[in-house]
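Okay, so here's the structure we're looking at.
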Amino acid sequence: MEDVSLVASDTEDVTSRILCREKQMAMLYSLMGEPSQPTCPSVFIYGHGATGKTLVVSTLLKAASLPHAFVNCIECQTSRQLLDSILDQVANHKPHPENNYSSLNRCENMNTFVRLLKKTIEERGIENQTVYIVLDKAERLRNMDGNLLPAFLNLSQLSGCNVCVFLLSQIVWEKFLFGFGSNHFEPFIIHFPDYTKSELLEIIASDCPKGYSAEFYSSYVNLLMSIFYMVCRDLNEIRHLAQLNFPKYVEPITKGEASEKDSHKLWRHIEPHLKKALQTVYLREVTSEQWEKYQRDEISQTGQSSILPSSSRTQIELPFYSKYLLIAAYLASYNPARYDRRFFSKNSGKVKKSAVNRKKETSHQLLGPRAFPLDRLMAIFYSIVDSRVAPTANIFSQISSLVTLQLLAQVGHEDQLDTPKYKCTVSLEFIRSIARTVSFDVIRYLYDFVK
């Protein structure tokens with residue numbers, strides 16, 4: 001009874017420390033039960049990144065001091081590394097210089113793993129307790145030996161021990177079923193949904209630095225969320241941005257030029273810096289130390305810092321043909337379609353705007369990008385690329401990658417497969433930097449810049 005009460009007190013403490021995941025933790029508590037009770041053979045936990053899956057499971061197991069092994073499948077290139085790591089953790093064996101960083105056992109296949117797991121549990125004297133095996137990034141199991149995943153789902157039955165396997169993944173369970181037979185247990189499925197805006201605000205506001213009121217830091221986070229929430233809903237990324245920009249936000253307060261109540265003055269001070277951070281969200285092109293040094297340099301030498309140029313996003317790397325596809329997309333977005341033959345036909349003469357249209361026109365750069373069909377994009381692409389390129393699936397997959405990177409935007413409904421349309425979302429400065437890497441003069445092919 002003392003052990004049970006101790007576990008209960010530990011889990012109550014975990015519940016108070018992990019915010020906005022009470023429902024999922026309560027479900028896990030009910031599945032785990034007491035250490036001596038049989039539990040569910042396998043549990044599948046899925047949700048997008050930064051939704052608390054790994055944090056909740058690892059914290060619960062550590063708080064209750066339950067025997068477990070926690071393995072990130074990305075770190076295991078082969079099935080042997082995965083199985084050896086599990087056995088080492090169950091046996092409390094840690095590779096170190098004295099044992100030449102070697103594993104306790106050599107496990108080549110699943111049959112050997114089941115036998116050694118049962119032996120290890122008996123040697124530790126924990127056969128009357130539930131042993132938990134947590135496999136993070138479990139979708140990587142699909143690329144390993146075909147018998148691994150079914151064996152882990154049936155591990156409790158195969159080993160004859162009270163073993164529970166947690167599978168943590170960012171994809172749904174249905175994507176694991178391809179090629180499976182029917183001779184396996186269906187895991188208990190728990191979904192970790194994305195945090196809502198109010199939940200993100202509550203979690204990040206709990207990181208309030210010392211010396212500032214919780215209400216003041218909460219208002220700062222709310223301000224940050226109003227800018228970044230539409231483009232970024234990743235908890236780790238927004239938390240990183242909040243910690244990175246907070247010293248700049250309170251700079252007028254530390255200098256004695258403002259107080260916590262001067263919200264408008266603080267906002268005007270931080271606004272240009274948040275706009276710069278918005279251009280590089282997710283990219284992490286500089287470290288926190290470099291960003292702070294850039295902000296200090298900007299005060300003494302305005303606009304002359306070389307650590308983070310305003311166009312830092314242009315440093316992104318793309319495959320060779322993706323660069324030409326992006327250039328072609330930009331030309332299709334900002335050039336009138338009726339002049340494609342004049343620009344890209346090899347036998348056409350020099351385009352003169354005065355001869356084309358004598359009326360004053362609004363710059364297409366000011367009007368913004370226009371939608372264009374896929375066949376026009378490919379026609380421009382084959383015209384500007386130096387070498388002959390076959391229209392393979394690889395080329396079309398790179399268009400999808402550009403859409404995923406938000407360098408292109410698909411216009412219209414996704415079910416319009418016959419005539420998909422796109423827009424190019426990058427700036428002129430960005431496309432010029434991309435064109436320079438392939439020695440392509442993009443200005444020469446833009447209608448607005450033809451003399």
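Identifiers in this document derive from the order of the structure tokens: chains are assigned A, B, ..., residues are numbered from 1 separately in each chain, and ligands are numbered from 1 in order of occurrence.
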
- Task: List every residue of range 49-273 of chain A that DSSP, applied to the backbone, labels as alpha helix (DSSP H), and write the result as an NGL selection string.
- Result: :A and (53-63 or 79-90 or 110-124 or 148-153 or 155-159 or 197-205 or 214-228 or 235-249 or 251-254 or 263-273)

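Neighbours of Asp441 in chain A closer than or equal to 12 Å, with only C-alpha atoms counted and sequence neighbours fewer than 3 positions away skipped, come out as Tyr324, Ile327, Leu331, Ile384, Ile431, Arg432, Ser433, Ile434, Ala435, Arg436, Thr437, Val438, Arg444, Tyr445, Leu446 and Phe449 of chain A.
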
Take the residues just selected and output them with N, CA and C atoms as a short mmCIF file (atom, residue, chain, number, x, y, z; two decimals), in the first residue's frame.
```
data_model
loop_
_atom_site.label_atom_id
_atom_site.label_comp_id
_atom_site.auth_asym_id
_atom_site.auth_seq_id
_atom_site.Cartn_x
_atom_site.Cartn_y
_atom_site.Cartn_z
N TYR A 324 15.89 25.93 -60.78
CA TYR A 324 15.35 26.35 -62.08
C TYR A 324 13.82 26.33 -62.07
N ILE A 327 12.80 29.50 -60.34
CA ILE A 327 13.00 30.65 -61.23
C ILE A 327 11.90 30.70 -62.28
N LEU A 331 9.12 33.70 -62.93
CA LEU A 331 8.90 34.34 -64.22
C LEU A 331 7.45 34.17 -64.67
N ILE A 384 14.57 27.55 -70.07
CA ILE A 384 15.68 28.23 -69.42
C ILE A 384 16.76 27.28 -68.91
N ILE A 431 14.79 35.46 -55.29
CA ILE A 431 14.95 34.75 -56.55
C ILE A 431 16.24 35.16 -57.25
N ARG A 432 16.69 36.40 -57.05
CA ARG A 432 17.97 36.82 -57.65
C ARG A 432 19.13 36.07 -57.00
N SER A 433 19.06 35.86 -55.69
CA SER A 433 20.13 35.11 -55.02
C SER A 433 20.15 33.66 -55.47
N ILE A 434 18.96 33.07 -55.69
CA ILE A 434 18.89 31.70 -56.20
C ILE A 434 19.44 31.64 -57.62
N ALA A 435 19.08 32.63 -58.45
CA ALA A 435 19.54 32.65 -59.84
C ALA A 435 21.05 32.82 -59.93
N ARG A 436 21.65 33.56 -59.00
CA ARG A 436 23.10 33.74 -59.03
C ARG A 436 23.84 32.42 -58.81
N THR A 437 23.25 31.52 -58.04
CA THR A 437 23.92 30.23 -57.77
C THR A 437 23.99 29.35 -59.01
N VAL A 438 23.12 29.60 -60.00
CA VAL A 438 23.14 28.81 -61.25
C VAL A 438 23.55 29.70 -62.43
N ARG A 444 16.96 39.84 -66.82
CA ARG A 444 16.87 39.90 -68.29
C ARG A 444 15.55 39.33 -68.80
N TYR A 445 14.91 38.45 -68.02
CA TYR A 445 13.68 37.80 -68.46
C TYR A 445 12.44 38.33 -67.76
N LEU A 446 12.56 39.40 -67.00
CA LEU A 446 11.41 39.98 -66.31
C LEU A 446 10.86 41.16 -67.10
N PHE A 449 11.52 44.91 -66.11
CA PHE A 449 12.86 45.46 -66.18
C PHE A 449 13.40 45.55 -67.60
#
```

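Once range 139-144 of chain A and its same-chain neighbours fewer than 5 positions away are set aside, Cys73, Ile74, Gln77, Thr78, Ser79, Leu149, Leu167, Leu168, Ser169, Gln170, Ile171, Lys175 and Phe176 of chain A remain within 9 Å of it when counting only C-alpha atoms.
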
Keeping C-alpha atoms for every residue in the selection just given, could you write it to a file as a PDB file, in the first residue's frame?
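Output file again09.pdb follows:
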```pdb
ATOM      1  CA  CYS A  73      14.375   4.610 -33.494  1.00  0.00           C
ATOM      2  CA  ILE A  74      16.117   7.359 -35.489  1.00  0.00           C
ATOM      3  CA  GLN A  77      20.341   2.277 -38.089  1.00  0.00           C
ATOM      4  CA  THR A  78      19.881  -1.488 -37.830  1.00  0.00           C
ATOM      5  CA  SER A  79      17.523  -3.797 -35.972  1.00  0.00           C
ATOM      6  CA  LEU A 149       6.719  -4.564 -35.542  1.00  0.00           C
ATOM      7  CA  LEU A 167       4.901   3.098 -29.881  1.00  0.00           C
ATOM      8  CA  LEU A 168       5.230   6.877 -30.337  1.00  0.00           C
ATOM      9  CA  SER A 169       4.701   8.190 -33.848  1.00  0.00           C
ATOM     10  CA  GLN A 170       3.724  11.250 -35.869  1.00  0.00           C
ATOM     11  CA  ILE A 171       1.641   9.247 -38.356  1.00  0.00           C
ATOM     12  CA  LYS A 175      -0.107   3.656 -42.292  1.00  0.00           C
ATOM     13  CA  PHE A 176       1.595   0.867 -40.312  1.00  0.00           C
TER      14      PHE A 176
END
```

- Step one, run DSSP on the backbone; step two, keep only residues of range 72-269 of chain A assigned to strand (DSSP E or B); then write them as a PyMOL selection string. chain A and resi 72+131-136+163-169+188-191

What would the file look like if the residues just selected were written as a JSON list (two decimals), in the first residue's frame with N, CA and C atoms?
```
[["chain", "number", "residue", "atom", "x", "y", "z"],
["A", 72, "ASN", "N", 15.01, 5.85, -29.12],
["A", 72, "ASN", "CA", 14.62, 6.64, -30.28],
["A", 72, "ASN", "C", 15.05, 5.87, -31.53],
["A", 131, "VAL", "N", 7.24, -4.40, -17.27],
["A", 131, "VAL", "CA", 8.41, -3.79, -17.92],
["A", 131, "VAL", "C", 7.91, -3.04, -19.16],
["A", 132, "TYR", "N", 8.27, -1.77, -19.26],
["A", 132, "TYR", "CA", 7.80, -0.93, -20.36],
["A", 132, "TYR", "C", 8.92, -0.69, -21.37],
["A", 133, "ILE", "N", 8.60, -0.87, -22.63],
["A", 133, "ILE", "CA", 9.53, -0.59, -23.72],
["A", 133, "ILE", "C", 8.92, 0.52, -24.57],
["A", 134, "VAL", "N", 9.60, 1.65, -24.64],
["A", 134, "VAL", "CA", 9.10, 2.82, -25.37],
["A", 134, "VAL", "C", 9.93, 2.99, -26.63],
["A", 135, "LEU", "N", 9.27, 2.98, -27.78],
["A", 135, "LEU", "CA", 9.92, 3.16, -29.08],
["A", 135, "LEU", "C", 9.45, 4.48, -29.67],
["A", 136, "ASP", "N", 10.29, 5.51, -29.54],
["A", 136, "ASP", "CA", 9.97, 6.82, -30.10],
["A", 136, "ASP", "C", 10.30, 6.83, -31.59],
["A", 163, "VAL", "N", 5.01, -7.43, -20.22],
["A", 163, "VAL", "CA", 5.72, -6.39, -20.98],
["A", 163, "VAL", "C", 4.71, -5.54, -21.72],
["A", 164, "CYS", "N", 4.89, -4.24, -21.66],
["A", 164, "CYS", "CA", 4.03, -3.30, -22.39],
["A", 164, "CYS", "C", 4.92, -2.47, -23.31],
["A", 165, "VAL", "N", 4.55, -2.40, -24.58],
["A", 165, "VAL", "CA", 5.33, -1.66, -25.58],
["A", 165, "VAL", "C", 4.57, -0.40, -25.98],
["A", 166, "PHE", "N", 5.21, 0.76, -25.80],
["A", 166, "PHE", "CA", 4.66, 2.03, -26.24],
["A", 166, "PHE", "C", 5.28, 2.39, -27.59],
["A", 167, "LEU", "N", 4.45, 2.65, -28.56],
["A", 167, "LEU", "CA", 4.90, 3.10, -29.88],
["A", 167, "LEU", "C", 4.51, 4.56, -30.05],
["A", 168, "LEU", "N", 5.48, 5.45, -30.17],
["A", 168, "LEU", "CA", 5.23, 6.88, -30.34],
["A", 168, "LEU", "C", 5.51, 7.25, -31.78],
["A", 169, "SER", "N", 4.55, 7.90, -32.42],
["A", 169, "SER", "CA", 4.70, 8.19, -33.85],
["A", 169, "SER", "C", 3.99, 9.49, -34.20],
["A", 188, "PHE", "N", -3.68, -0.42, -28.27],
["A", 188, "PHE", "CA", -4.59, 0.60, -27.77],
["A", 188, "PHE", "C", -4.09, 1.95, -28.28],
["A", 189, "ILE", "N", -4.95, 2.73, -28.92],
["A", 189, "ILE", "CA", -4.53, 3.95, -29.61],
["A", 189, "ILE", "C", -4.93, 5.18, -28.79],
["A", 190, "ILE", "N", -3.96, 6.07, -28.59],
["A", 190, "ILE", "CA", -4.19, 7.34, -27.90],
["A", 190, "ILE", "C", -3.71, 8.46, -28.81],
["A", 191, "HIS", "N", -4.54, 9.47, -28.99],
["A", 191, "HIS", "CA", -4.19, 10.60, -29.85],
["A", 191, "HIS", "C", -3.82, 11.81, -29.00]]
```

If we count only C-alpha atoms and set the cut-off at 10 Å, which residues sit around range 16-21 of chain A, ignoring sequence neighbours fewer than 2 positions away in its own chain? Please answer as a tab-separated table (two decimals) with C-alpha atoms, in the first residue's frame.
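And here is the file that came out, out.tsv:
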```tsv
chain	number	residue	atom	x	y	z
A	11	THR	CA	1.90	10.96	-10.59
A	12	GLU	CA	-0.06	13.82	-9.02
A	13	ASP	CA	3.15	15.85	-9.05
A	14	VAL	CA	3.69	15.00	-12.73
A	23	LYS	CA	-6.86	13.76	-20.36
A	24	GLN	CA	-4.05	11.78	-22.01
A	25	MET	CA	-2.21	11.26	-18.70
A	26	ALA	CA	-5.37	10.04	-17.00
A	51	THR	CA	2.51	17.75	-28.74
A	52	GLY	CA	3.92	16.19	-25.55
A	53	LYS	CA	4.01	12.48	-26.46
A	55	LEU	CA	7.50	14.17	-22.48
A	56	VAL	CA	4.39	12.62	-20.94
A	59	THR	CA	8.06	11.60	-17.24
A	192	PHE	CA	-2.28	13.69	-28.72
A	193	PRO	CA	-3.97	16.59	-30.56
A	195	TYR	CA	-2.20	22.48	-28.72
A	196	THR	CA	-4.78	25.21	-29.14
A	198	SER	CA	-4.90	29.27	-25.47
A	199	GLU	CA	-2.98	26.12	-24.45
A	200	LEU	CA	0.20	27.34	-26.16
A	202	GLU	CA	-0.63	28.89	-20.99
A	203	ILE	CA	2.42	26.64	-21.48
A	206	SER	CA	4.73	29.38	-17.44
```

What's the 10 Å shell around Phe246 in chain A, counting only C-alpha atoms, without same-chain residues fewer than 2 positions away, as an mmCIF file with C-alpha atoms, in the first residue's frame?
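See selection_5.cif below for the written result:
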```cif
data_model
loop_
_atom_site.group_PDB
_atom_site.id
_atom_site.type_symbol
_atom_site.label_atom_id
_atom_site.label_comp_id
_atom_site.auth_asym_id
_atom_site.auth_seq_id
_atom_site.Cartn_x
_atom_site.Cartn_y
_atom_site.Cartn_z
ATOM 1 C CA PRO A 209 11.779 34.806 -16.105
ATOM 2 C CA TYR A 217 5.212 37.878 -19.481
ATOM 3 C CA TYR A 220 4.364 39.471 -24.114
ATOM 4 C CA VAL A 221 3.641 35.872 -25.167
ATOM 5 C CA LEU A 224 4.217 37.083 -29.903
ATOM 6 C CA LEU A 241 11.246 32.623 -30.243
ATOM 7 C CA ALA A 242 9.777 33.851 -26.964
ATOM 8 C CA GLN A 243 13.000 33.250 -25.046
ATOM 9 C CA LEU A 244 15.152 34.643 -27.865
ATOM 10 C CA LYS A 248 15.053 42.838 -26.691
ATOM 11 C CA TYR A 249 11.438 43.372 -25.605
ATOM 12 C CA VAL A 250 12.439 44.443 -22.075
ATOM 13 C CA GLU A 251 15.447 46.480 -23.204
ATOM 14 C CA ILE A 270 10.223 44.986 -30.603
#
```

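For the set A:Ser226, A:Asn236, A:Ser333, A:Gln37, the residue with the smallest atom-to-atom gap to Tyr447 in chain A is A:Ser333, counting only C-alpha atoms.
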
- Would you work out the distance separating CA of Asp84 in chain A from CA of Asn105 in chain A, expressed in Å to one decimal? 6.7 Å

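Distances here use only C-alpha atoms; by that measure, the residue among A:Glu186, A:Leu177, A:Leu83, A:Thr130 closest to Leu31 in chain A is A:Thr130.
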
Extract, using only C-alpha atoms, all DNA, RNA and protein residues at most 8 Å from Met225 in chain A, discarding same-chain residues fewer than 3 positions from it, and format them as a PDB file with N, CA and C atoms, in the first residue's frame.
```pdb
ATOM      1  N   LYS A 197      -4.462  27.595 -29.319  1.00  0.00           N
ATOM      2  CA  LYS A 197      -3.765  28.862 -29.078  1.00  0.00           C
ATOM      3  C   LYS A 197      -3.734  29.203 -27.602  1.00  0.00           C
ATOM      4  N   LEU A 201      -0.402  29.462 -25.171  1.00  0.00           N
ATOM      5  CA  LEU A 201      -0.187  30.649 -24.348  1.00  0.00           C
ATOM      6  C   LEU A 201       0.033  30.265 -22.891  1.00  0.00           C
ATOM      7  N   VAL A 221       3.868  37.102 -24.394  1.00  0.00           N
ATOM      8  CA  VAL A 221       3.641  35.872 -25.167  1.00  0.00           C
ATOM      9  C   VAL A 221       2.411  36.020 -26.055  1.00  0.00           C
ATOM     10  N   ASN A 222       1.378  36.663 -25.538  1.00  0.00           N
ATOM     11  CA  ASN A 222       0.162  36.894 -26.319  1.00  0.00           C
ATOM     12  C   ASN A 222       0.472  37.760 -27.531  1.00  0.00           C
ATOM     13  N   PHE A 228       3.059  35.208 -34.804  1.00  0.00           N
ATOM     14  CA  PHE A 228       3.606  33.954 -35.312  1.00  0.00           C
ATOM     15  C   PHE A 228       2.588  32.818 -35.409  1.00  0.00           C
ATOM     16  N   TYR A 229       1.418  32.937 -34.783  1.00  0.00           N
ATOM     17  CA  TYR A 229       0.508  31.793 -34.715  1.00  0.00           C
ATOM     18  C   TYR A 229      -0.006  31.377 -36.089  1.00  0.00           C
ATOM     19  N   ILE A 238       7.875  28.250 -31.048  1.00  0.00           N
ATOM     20  CA  ILE A 238       7.354  29.487 -30.458  1.00  0.00           C
ATOM     21  C   ILE A 238       8.008  29.743 -29.105  1.00  0.00           C
TER      22      ILE A 238
END
```

Using only C-alpha atoms, which residues sit within 7 Å of Tyr330 in chain A once same-chain residues fewer than 4 positions away are excluded, as a CSV table (one decimal) with all heavy atoms, in the first residue's frame?
```csv
chain,number,residue,atom,x,y,z
A,326,LEU,N,12.0,27.0,-59.5
A,326,LEU,CA,11.5,28.2,-58.7
A,326,LEU,C,11.7,29.4,-59.6
A,326,LEU,O,10.9,30.3,-59.5
A,326,LEU,CB,12.3,28.3,-57.4
A,326,LEU,CG,11.9,29.3,-56.4
A,326,LEU,CD1,10.4,29.0,-56.0
A,326,LEU,CD2,12.8,29.3,-55.2
A,334,TYR,N,5.2,36.7,-62.6
A,334,TYR,CA,5.4,38.1,-62.8
A,334,TYR,C,5.5,38.6,-64.2
A,334,TYR,O,5.7,39.8,-64.5
A,334,TYR,CB,6.6,38.6,-62.0
A,334,TYR,CG,6.4,38.6,-60.5
A,334,TYR,CD1,6.8,37.5,-59.7
A,334,TYR,CD2,5.7,39.6,-59.8
A,334,TYR,CE1,6.5,37.4,-58.3
A,334,TYR,CE2,5.5,39.6,-58.5
A,334,TYR,CZ,5.9,38.5,-57.7
A,334,TYR,OH,5.7,38.5,-56.4
A,424,CYS,N,4.1,31.8,-57.2
A,424,CYS,CA,5.4,31.9,-56.6
A,424,CYS,C,5.4,32.9,-55.4
A,424,CYS,O,4.9,34.0,-55.6
A,424,CYS,CB,6.5,32.3,-57.6
A,424,CYS,SG,8.1,32.3,-57.0
```
